[in-house]
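Heads up, target_27.cif below (mmCIF, C-alpha atoms):
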```cif
data_upload
#
loop_
_atom_site.label_atom_id
_atom_site.label_comp_id
_atom_site.auth_asym_id
_atom_site.auth_seq_id
_atom_site.Cartn_x
_atom_site.Cartn_y
_atom_site.Cartn_z
CA MET Q 1484 131.67 212.00 93.18
CA ASP Q 1485 130.13 208.97 94.89
CA ILE Q 1486 126.71 208.52 93.27
CA SER Q 1487 125.88 205.71 95.69
CA LYS Q 1488 126.32 208.14 98.59
CA ILE Q 1489 124.32 210.92 96.93
CA PHE Q 1490 121.43 208.54 96.27
CA ASP Q 1491 121.65 206.69 99.57
CA PRO Q 1492 118.15 205.49 100.62
CA LYS Q 1493 118.60 207.13 104.04
CA TYR Q 1494 118.13 210.54 102.41
CA VAL Q 1495 114.58 209.59 101.45
CA PHE Q 1496 113.83 209.67 105.20
CA THR Q 1497 115.88 212.71 106.23
CA VAL Q 1498 115.81 214.96 103.13
CA TYR Q 1499 113.19 213.99 100.53
CA PHE Q 1500 110.43 213.36 103.06
CA PRO Q 1501 110.72 216.63 105.07
CA ILE Q 1502 110.82 218.71 101.88
CA ILE Q 1503 107.84 217.07 100.18
CA PHE Q 1504 105.82 216.82 103.41
CA ALA Q 1505 106.18 220.57 103.93
CA LEU Q 1506 105.10 221.31 100.36
CA GLN Q 1507 102.25 218.78 100.18
CA TRP Q 1508 101.68 216.72 103.29
CA ALA Q 1509 99.76 213.84 101.65
CA ILE Q 1510 102.47 213.28 99.05
CA GLY Q 1511 105.14 213.41 101.74
CA VAL Q 1512 103.30 210.79 103.77
CA LYS Q 1513 102.86 208.62 100.68
CA LEU Q 1514 106.59 208.92 99.99
CA LEU Q 1515 107.44 207.81 103.51
CA GLY Q 1516 104.90 204.98 103.36
CA THR Q 1517 106.35 203.88 100.03
CA ILE Q 1518 109.94 203.76 101.26
CA ILE Q 1519 108.88 201.84 104.38
CA VAL Q 1520 107.20 199.13 102.29
CA VAL Q 1521 110.11 199.10 99.82
CA GLU Q 1522 112.77 198.67 102.52
CA TRP Q 1523 110.72 195.97 104.25
CA LEU Q 1524 110.20 194.01 101.03
CA ASN Q 1525 113.82 194.50 100.02
CA GLN Q 1526 115.13 193.10 103.28
CA VAL Q 1527 112.82 190.08 103.32
CA LEU Q 1528 113.70 189.25 99.70
CA LYS Q 1529 117.41 189.66 100.37
CA TRP Q 1530 117.23 187.13 103.19
CA LEU Q 1531 115.21 184.69 101.07
CA MET Q 1532 117.00 185.09 97.72
CA HIS Q 1533 120.52 184.77 99.13
CA GLY Q 1534 122.22 186.89 96.45
CA ASP Q 1535 125.99 187.33 96.30
CA ARG Q 1536 127.69 190.68 95.81
CA PRO Q 1537 130.39 190.96 93.12
CA TYR Q 1538 133.13 192.07 95.49
CA TRP Q 1539 133.04 188.78 97.38
CA TRP Q 1540 131.63 186.49 94.66
CA VAL Q 1541 134.74 186.98 92.48
CA HIS Q 1542 137.03 185.82 95.28
CA GLU Q 1543 134.79 182.88 96.17
CA VAL Q 1544 134.94 181.71 92.53
CA GLU Q 1545 138.71 182.06 92.50
CA VAL Q 1546 138.98 179.98 95.66
CA ALA Q 1547 136.54 177.37 94.36
CA TYR Q 1548 138.47 176.89 91.12
CA ASN Q 1549 141.89 177.52 92.68
CA SER Q 1550 142.69 180.16 90.08
CA THR Q 1551 143.21 183.93 90.07
CA SER Q 1552 143.06 184.33 86.30
CA LEU Q 1553 139.45 183.35 85.72
CA LEU Q 1554 137.91 186.75 86.37
CA PRO Q 1555 139.13 190.36 86.15
CA GLU Q 1556 140.38 192.22 89.21
CA ILE Q 1557 137.66 194.03 91.14
CA PHE Q 1558 138.46 197.33 92.84
CA GLN Q 1559 136.81 198.24 96.11
CA TYR Q 1560 135.74 201.67 97.35
CA ARG Q 1561 134.37 203.14 100.57
CA SER Q 1562 130.81 202.34 99.51
CA THR Q 1563 131.55 198.82 98.26
CA CYS Q 1564 131.51 196.68 101.37
CA GLU Q 1565 127.85 196.54 102.30
CA THR Q 1566 127.07 193.64 104.57
CA GLY Q 1567 123.61 192.59 103.41
CA PRO Q 1568 122.85 190.13 100.60
CA GLY Q 1569 122.79 191.60 97.11
CA MET Q 1570 119.46 190.45 95.62
CA PRO Q 1571 117.61 192.73 94.90
CA SER Q 1572 119.50 196.03 94.95
CA GLY Q 1573 118.29 198.23 97.80
CA HIS Q 1574 119.59 201.43 96.21
CA SER Q 1575 117.85 200.74 92.90
CA MET Q 1576 114.67 199.69 94.64
CA ALA Q 1577 114.54 202.70 96.97
CA MET Q 1578 115.57 205.31 94.40
CA SER Q 1579 113.21 204.05 91.70
CA ALA Q 1580 110.34 204.09 94.21
CA ALA Q 1581 111.15 207.49 95.69
CA TRP Q 1582 111.69 209.21 92.36
CA TYR Q 1583 108.58 207.59 90.90
CA VAL Q 1584 106.54 209.25 93.66
CA VAL Q 1585 108.36 212.58 93.13
CA VAL Q 1586 107.92 212.59 89.35
CA GLN Q 1587 104.35 211.25 89.28
CA SER Q 1588 103.17 213.65 91.98
CA PHE Q 1589 104.76 216.60 90.16
CA ILE Q 1590 102.98 215.56 86.97
CA ASP Q 1591 99.64 215.11 88.77
CA ARG Q 1592 99.84 218.25 90.92
CA VAL Q 1593 101.74 220.71 88.71
CA VAL Q 1594 101.91 219.74 85.06
CA LYS Q 1595 98.41 218.39 84.39
CA PRO Q 1596 96.47 221.17 86.20
CA SER Q 1597 98.61 223.90 84.56
CA LYS Q 1598 97.42 226.15 81.74
CA MET Q 1599 100.13 224.94 79.36
CA SER Q 1600 99.15 223.68 75.94
CA SER Q 1601 98.63 219.95 75.46
CA LEU Q 1602 101.84 219.71 73.48
CA LEU Q 1603 103.86 221.48 76.17
CA LYS Q 1604 102.32 219.28 78.86
CA GLN Q 1605 103.28 216.16 76.91
CA GLN Q 1606 106.83 217.42 76.42
CA SER Q 1607 107.12 218.30 80.12
CA ILE Q 1608 105.96 214.83 81.12
CA GLN Q 1609 108.44 213.23 78.72
CA LEU Q 1610 111.23 215.41 80.11
CA LEU Q 1611 110.39 214.47 83.69
CA TRP Q 1612 110.40 210.75 82.94
CA ALA Q 1613 113.65 211.17 80.98
CA ALA Q 1614 115.17 212.71 84.11
CA PHE Q 1615 113.85 209.73 86.08
CA VAL Q 1616 115.59 207.34 83.66
CA VAL Q 1617 118.86 209.30 83.90
CA ILE Q 1618 118.81 209.16 87.71
CA GLN Q 1619 118.09 205.43 87.75
CA THR Q 1620 120.82 204.80 85.18
CA LEU Q 1621 123.33 206.71 87.31
CA VAL Q 1622 122.35 204.70 90.39
CA VAL Q 1623 122.60 201.35 88.57
CA MET Q 1624 125.94 202.20 86.95
CA SER Q 1625 127.31 203.36 90.29
CA ARG Q 1626 126.23 200.19 92.09
CA MET Q 1627 127.85 198.01 89.44
CA TYR Q 1628 130.98 200.18 89.18
CA ILE Q 1629 131.78 199.84 92.89
CA ALA Q 1630 131.11 196.05 92.69
CA ALA Q 1631 128.18 196.21 95.10
CA HIS Q 1632 125.65 194.65 92.69
CA PHE Q 1633 125.24 192.61 89.54
CA PRO Q 1634 123.08 194.00 86.68
CA HIS Q 1635 120.18 191.58 87.29
CA GLN Q 1636 120.05 192.61 90.96
CA CYS Q 1637 119.67 196.26 89.97
CA ALA Q 1638 117.10 195.40 87.29
CA LEU Q 1639 114.93 193.52 89.79
CA GLY Q 1640 115.29 196.38 92.28
CA LEU Q 1641 114.10 198.88 89.65
CA PHE Q 1642 111.09 196.77 88.74
CA LEU Q 1643 110.02 196.13 92.32
CA GLY Q 1644 110.60 199.74 93.40
CA VAL Q 1645 108.39 201.16 90.66
CA SER Q 1646 105.76 198.46 91.23
CA VAL Q 1647 105.51 199.15 94.96
CA ALA Q 1648 105.52 202.93 94.45
CA HIS Q 1649 102.74 202.68 91.87
CA GLN Q 1650 100.54 200.74 94.29
CA VAL Q 1651 101.22 202.82 97.42
CA TYR Q 1652 101.07 206.19 95.65
CA GLY Q 1653 97.90 205.21 93.81
CA SER Q 1654 96.00 204.49 97.04
CA SER Q 1655 94.87 207.01 99.66
CA LYS Q 1656 92.70 204.82 101.90
CA TRP Q 1657 95.62 203.87 104.14
CA LEU Q 1658 96.16 207.54 105.04
CA ASN Q 1659 92.97 207.39 107.13
CA LEU Q 1660 93.81 204.36 109.26
CA LYS Q 1661 93.08 204.68 112.98
CA ARG Q 1662 95.83 204.45 115.58
CA GLY Q 1663 95.11 200.83 116.47
CA GLN Q 1664 95.18 199.87 112.80
CA TRP Q 1665 98.45 201.72 112.27
CA LEU Q 1666 100.07 200.01 115.24
CA LEU Q 1667 98.86 196.66 113.92
CA VAL Q 1668 100.32 197.35 110.45
CA ALA Q 1669 103.64 198.51 111.92
CA SER Q 1670 103.75 195.47 114.21
CA VAL Q 1671 103.11 193.12 111.26
CA ILE Q 1672 105.92 194.75 109.31
CA LEU Q 1673 108.32 194.29 112.21
CA ALA Q 1674 107.12 190.78 113.11
CA SER Q 1675 107.20 189.50 109.52
CA ALA Q 1676 110.82 190.57 109.10
CA ILE Q 1677 111.88 188.99 112.39
CA GLY Q 1678 109.78 185.95 111.49
CA THR Q 1679 111.63 185.57 108.18
CA TYR Q 1680 114.96 185.74 110.02
CA SER Q 1681 113.80 183.17 112.58
CA PHE Q 1682 112.41 180.86 109.87
CA LEU Q 1683 115.78 180.78 108.15
CA LEU Q 1684 117.50 179.94 111.43
CA LEU Q 1685 115.02 177.17 112.20
CA THR Q 1686 115.49 175.62 108.75
CA GLY Q 1687 119.26 175.47 109.19
CA ARG Q 1688 120.17 178.47 107.07
CA ASN Q 1689 122.28 181.37 108.28
CA PRO Q 1690 120.63 184.73 107.49
CA ALA Q 1691 123.80 186.51 108.62
CA TRP Q 1692 126.01 184.72 106.06
CA SER Q 1693 126.56 187.90 104.05
CA ILE Q 1694 128.10 189.70 107.03
CA SER Q 1695 130.74 186.98 107.26
CA GLN Q 1696 131.43 187.33 103.54
CA ALA Q 1697 131.86 191.07 103.89
CA TYR Q 1698 134.38 190.72 106.70
CA LYS Q 1699 136.15 187.95 104.80
CA TRP Q 1700 136.60 189.73 101.46
CA CYS Q 1701 136.43 193.47 102.09
CA ALA Q 1702 139.83 195.00 101.33
CA LYS Q 1703 139.74 197.40 104.28
CA ARG Q 1704 137.95 196.89 107.59
CA GLU Q 1705 137.05 200.61 107.77
CA TYR Q 1706 134.89 200.16 104.65
CA ILE Q 1707 132.49 197.99 106.67
CA HIS Q 1708 129.79 199.88 108.57
CA VAL Q 1709 127.19 198.58 110.99
CA ASP Q 1710 124.52 200.74 109.33
CA THR Q 1711 124.67 198.55 106.22
CA THR Q 1712 123.59 195.45 108.15
CA PRO Q 1713 120.10 193.98 107.61
CA PHE Q 1714 119.11 194.63 111.22
CA TYR Q 1715 119.93 198.33 110.91
CA SER Q 1716 117.60 198.52 107.91
CA LEU Q 1717 114.95 196.77 110.01
CA THR Q 1718 115.21 199.36 112.80
CA ARG Q 1719 114.93 202.17 110.24
CA TYR Q 1720 111.83 201.11 108.34
CA SER Q 1721 109.98 199.49 111.27
CA GLY Q 1722 110.68 202.46 113.52
CA ALA Q 1723 109.52 204.82 110.77
CA ALA Q 1724 106.32 202.76 110.37
CA PHE Q 1725 105.47 203.25 114.05
CA GLY Q 1726 106.44 206.93 113.92
CA LEU Q 1727 104.34 207.49 110.79
CA GLY Q 1728 101.28 205.86 112.33
CA LEU Q 1729 101.63 207.67 115.66
CA GLY Q 1730 102.17 210.98 113.88
CA LEU Q 1731 99.17 210.72 111.54
CA THR Q 1732 96.84 209.71 114.40
CA SER Q 1733 98.10 212.26 116.92
CA THR Q 1734 96.01 215.10 118.30
CA TYR Q 1735 98.64 217.58 117.13
CA PHE Q 1736 98.29 216.42 113.53
CA SER Q 1737 94.48 216.57 113.58
CA GLN Q 1738 94.51 220.08 115.08
CA THR Q 1739 96.96 221.49 112.52
CA GLU Q 1740 95.33 223.40 109.66
CA ARG Q 1741 97.92 222.42 107.08
CA THR Q 1742 95.85 223.40 104.05
CA SER Q 1743 95.73 227.03 105.19
CA PHE Q 1744 99.50 227.42 105.66
CA THR Q 1745 101.00 230.53 104.10
CA ARG Q 1746 104.15 230.35 102.01
CA VAL Q 1747 106.16 231.57 104.99
CA GLN Q 1748 104.72 228.85 107.23
CA THR Q 1749 105.42 226.25 104.55
CA MET Q 1750 109.04 227.36 104.21
CA VAL Q 1751 109.50 227.41 107.99
CA THR Q 1752 108.09 223.87 108.17
CA LEU Q 1753 110.43 222.79 105.38
CA VAL Q 1754 113.52 224.31 107.02
CA LEU Q 1755 112.65 222.88 110.44
CA GLY Q 1756 112.08 219.47 108.84
CA LEU Q 1757 115.51 219.55 107.21
CA ILE Q 1758 117.11 220.68 110.48
CA LEU Q 1759 115.34 217.80 112.20
CA GLY Q 1760 116.63 215.41 109.52
CA TYR Q 1761 120.16 216.72 109.97
CA GLY Q 1762 119.78 216.32 113.73
CA ALA Q 1763 118.68 212.72 113.21
CA GLU Q 1764 121.82 212.14 111.12
CA LEU Q 1765 123.99 213.58 113.89
CA ALA Q 1766 122.20 211.45 116.49
CA HIS Q 1767 122.77 208.37 114.31
CA VAL Q 1768 126.50 209.12 114.17
CA ALA Q 1769 126.64 209.73 117.92
CA ILE Q 1770 124.93 206.47 118.93
CA PRO Q 1771 127.56 204.05 120.33
CA LYS Q 1772 128.18 201.10 118.02
CA THR Q 1773 130.18 198.89 120.37
CA ASN Q 1774 127.09 197.16 121.77
CA GLU Q 1775 124.82 195.95 118.96
CA SER Q 1776 121.72 195.55 121.13
CA VAL Q 1777 122.00 199.10 122.47
CA PHE Q 1778 122.75 200.42 118.98
CA TYR Q 1779 119.73 198.78 117.34
CA THR Q 1780 117.40 199.77 120.21
CA LEU Q 1781 118.43 203.42 120.09
CA GLU Q 1782 118.22 203.45 116.29
CA PHE Q 1783 114.69 202.06 116.45
CA LEU Q 1784 113.63 204.75 118.93
CA LEU Q 1785 115.30 207.45 116.82
CA ASN Q 1786 113.42 206.29 113.74
CA VAL Q 1787 110.14 206.31 115.66
CA ALA Q 1788 110.76 209.82 116.97
CA PHE Q 1789 111.89 211.49 113.73
CA PRO Q 1790 108.75 210.99 111.58
CA TYR Q 1791 106.49 211.57 114.59
CA ILE Q 1792 108.07 214.94 115.31
CA ALA Q 1793 108.20 215.89 111.61
CA ILE Q 1794 104.55 214.95 110.99
CA ALA Q 1795 102.83 215.89 114.26
CA LEU Q 1796 104.88 218.44 116.18
CA VAL Q 1797 106.70 220.61 113.62
CA PRO Q 1798 103.60 221.79 111.67
CA TYR Q 1799 101.67 222.21 114.93
CA VAL Q 1800 104.39 224.40 116.45
CA VAL Q 1801 104.63 226.46 113.25
CA MET Q 1802 100.85 227.01 113.25
CA LYS Q 1803 100.71 227.91 116.96
CA SER Q 1804 103.70 230.23 116.70
CA SER Q 1805 102.07 232.09 113.82
CA VAL Q 1806 98.80 232.43 115.74
CA GLU Q 1807 100.57 233.76 118.83
CA LYS Q 1808 102.52 236.19 116.67
CA VAL Q 1809 99.31 237.53 115.12
CA LYS Q 1810 97.68 237.89 118.54
CA SER Q 1811 100.66 239.88 119.83
CA PHE Q 1812 100.05 242.66 117.27
#
```
Turn this file's structure into structure tokens for me.
Amino acid sequence: MDISKIFDPKYVFTVYFPIIFALQWAIGVKLLGTIIVVEWLNQVLKWLMHGDRPYWWVHEVEVAYNSTSLLPEIFQYRSTCETGPGMPSGHSMAMSAAWYVVVQSFIDRVVKPSKMSSLLKQQSIQLLWAAFVVIQTLVVMSRMYIAAHFPHQCALGLFLGVSVAHQVYGSSKWLNLKRGQWLLVASVILASAIGTYSFLLLTGRNPAWSISQAYKWCAKREYIHVDTTPFYSLTRYSGAAFGLGLGLTSTYFSQTERTSFTRVQTMVTLVLGLILGYGAELAHVAIPKTNESVFYTLEFLLNVAFPYIAIALVPYVVMKSSVEKVKSF
């Protein structure tokens, strides 16, 4: 079982978000907003902090000291050869943030308002946070086992993920931004990332150095995937930022009476959201990867379209279909 694959940050977009959005739209939006900020911060810090990954660092040390006996042999797996810098860990950062939102929202919306005794509530909260710790431990151990990260990289990712999630989840003001404000925020997110990349180039540093290291030291070329590059991450979170803003400020979203959804409507929204997420995964696989410019452009558009459709169109269609069905009787 590949824990790194199970807890891949991409599933926050295509699985976690559709499920939670269908069950409680505000929490779902906060989850998506959290992962957008987390991925943006993670990428900018990775470019600035210039962290090595164990699978190439070991070989670089051996070459530098002209010895193969200094460090133990490192095995590589299909999930090992990520092409971005290693500091901080993206998996740890994304999973700690996403699961913080999931656990804290469950405590706030289910446990605390329940009629359980104070003791049972306290035990339930402790159990939920224990599950959170177990998940984070599995993610960290997996990242270190496959030689994708050092312990300190995972530790920093955990800290930053929880910190960002606490701030974004704890605020609701940003949910009411107008369309122009949303587009400005999304543009700043995109421009700041590109600006960081350009700044490094202008100061004589190579922000793509980690890609060269991956190709140099990965045991098998098929272990290297274009969707682990920093620019793919940029298209995902920046596209999602635009899609989130356009969805929340759309006429379809404002006309949808989400709070009056029946259980059947909620389940239909959930299933359609998951189907949409699976369709986005299939589209991602189908996008040609031979031309990087075309690949990144199409990925950006895909990541704009997915949250927009999930937030604005799916609930609206479910509501309208239910109304038409009632009228037909």
Which residue of Q:Pro1771, Q:Pro1790, Q:Gly1728, Q:Pro1537 approaches Tyr1628 in chain Q most closely, using all atoms listed in the file: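 Once distances to Tyr1628 in chain Q are computed over all atoms listed in the file, the minimum belongs to Q:Pro1537.
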Near-Leu1611 in chain Q list (9 Å; only C-alpha atoms; drop same-chain fewer than 5 positions) as a ChimeraX atom specification: /Q:1586-1587,1589-1590,1606,1616
Excluding same-chain residues fewer than 3 positions from Thr1566 in chain Q, what lies within 8 Å of it counting all atoms listed in the file, as a list in words?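 The residues that qualify are Ser1693, Ile1694, Gln1696, Ala1697, Ile1707, His1708, Thr1711, Thr1712 and Pro1713 of chain Q.
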Range 1678-1687 of chain Q: which residues within 12 Å, counting all atoms listed in the file, same-chain residues fewer than 4 positions away excluded, as a compact mmCIF listing (two decimals) with C-alpha atoms, keeping the file's coordinate frame?
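Result file part_28.txt:
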```txt
# COMPACT_ATOMS: atom_id res chain seq x y z
CA TRP Q 1523 110.72 195.97 104.25
CA LEU Q 1524 110.20 194.01 101.03
CA GLN Q 1526 115.13 193.10 103.28
CA VAL Q 1527 112.82 190.08 103.32
CA LEU Q 1528 113.70 189.25 99.70
CA LYS Q 1529 117.41 189.66 100.37
CA TRP Q 1530 117.23 187.13 103.19
CA LEU Q 1531 115.21 184.69 101.07
CA MET Q 1532 117.00 185.09 97.72
CA HIS Q 1533 120.52 184.77 99.13
CA SER Q 1670 103.75 195.47 114.21
CA VAL Q 1671 103.11 193.12 111.26
CA ILE Q 1672 105.92 194.75 109.31
CA LEU Q 1673 108.32 194.29 112.21
CA ALA Q 1674 107.12 190.78 113.11
CA ALA Q 1691 123.80 186.51 108.62
CA TRP Q 1692 126.01 184.72 106.06
CA PRO Q 1713 120.10 193.98 107.61
CA PHE Q 1714 119.11 194.63 111.22
CA LEU Q 1717 114.95 196.77 110.01
```
I need the residue set behind the PyMOL selection byres ((chain Q and resi 1793) around 12) for this file; please write it as an MDAnalysis selection string. chainID Q and resid 1496:1498 1500:1505 1508 1511:1512 1515 1723 1726:1727 1729:1731 1733 1735:1736 1752:1760 1762:1763 1786:1792 1794:1801
Would you mind telling me which residue in Q:Phe1558, Q:Phe1490, Q:Phe1783, Q:Tyr1715 lies nearest to Ala1631 in chain Q when using only C-alpha atoms?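 Nearest to Ala1631 in chain Q: Q:Phe1558.
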Please write out, as lines of an AutoDock Vina configuration file, where the centre of an axis-aligned box around all listed atoms of range 1738-1756 of chain Q lies and how long its edges are, in Å to one decimal, after adding 6 Å on each side.
```
center_x = 104.0
center_y = 225.5
center_z = 108.5
size_x = 31.0
size_y = 24.1
size_z = 25.1
```
Out of Q:Ile1510, Q:Ala1648, Q:Leu1603, Q:Val1623, which residue has the shortest atom-to-atom distance to Ala1581 in chain Q when counting all atoms listed in the file?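 Comparing Q:Ile1510, Q:Ala1648, Q:Leu1603, Q:Val1623 against Ala1581 in chain Q, the winner is Q:Ala1648.
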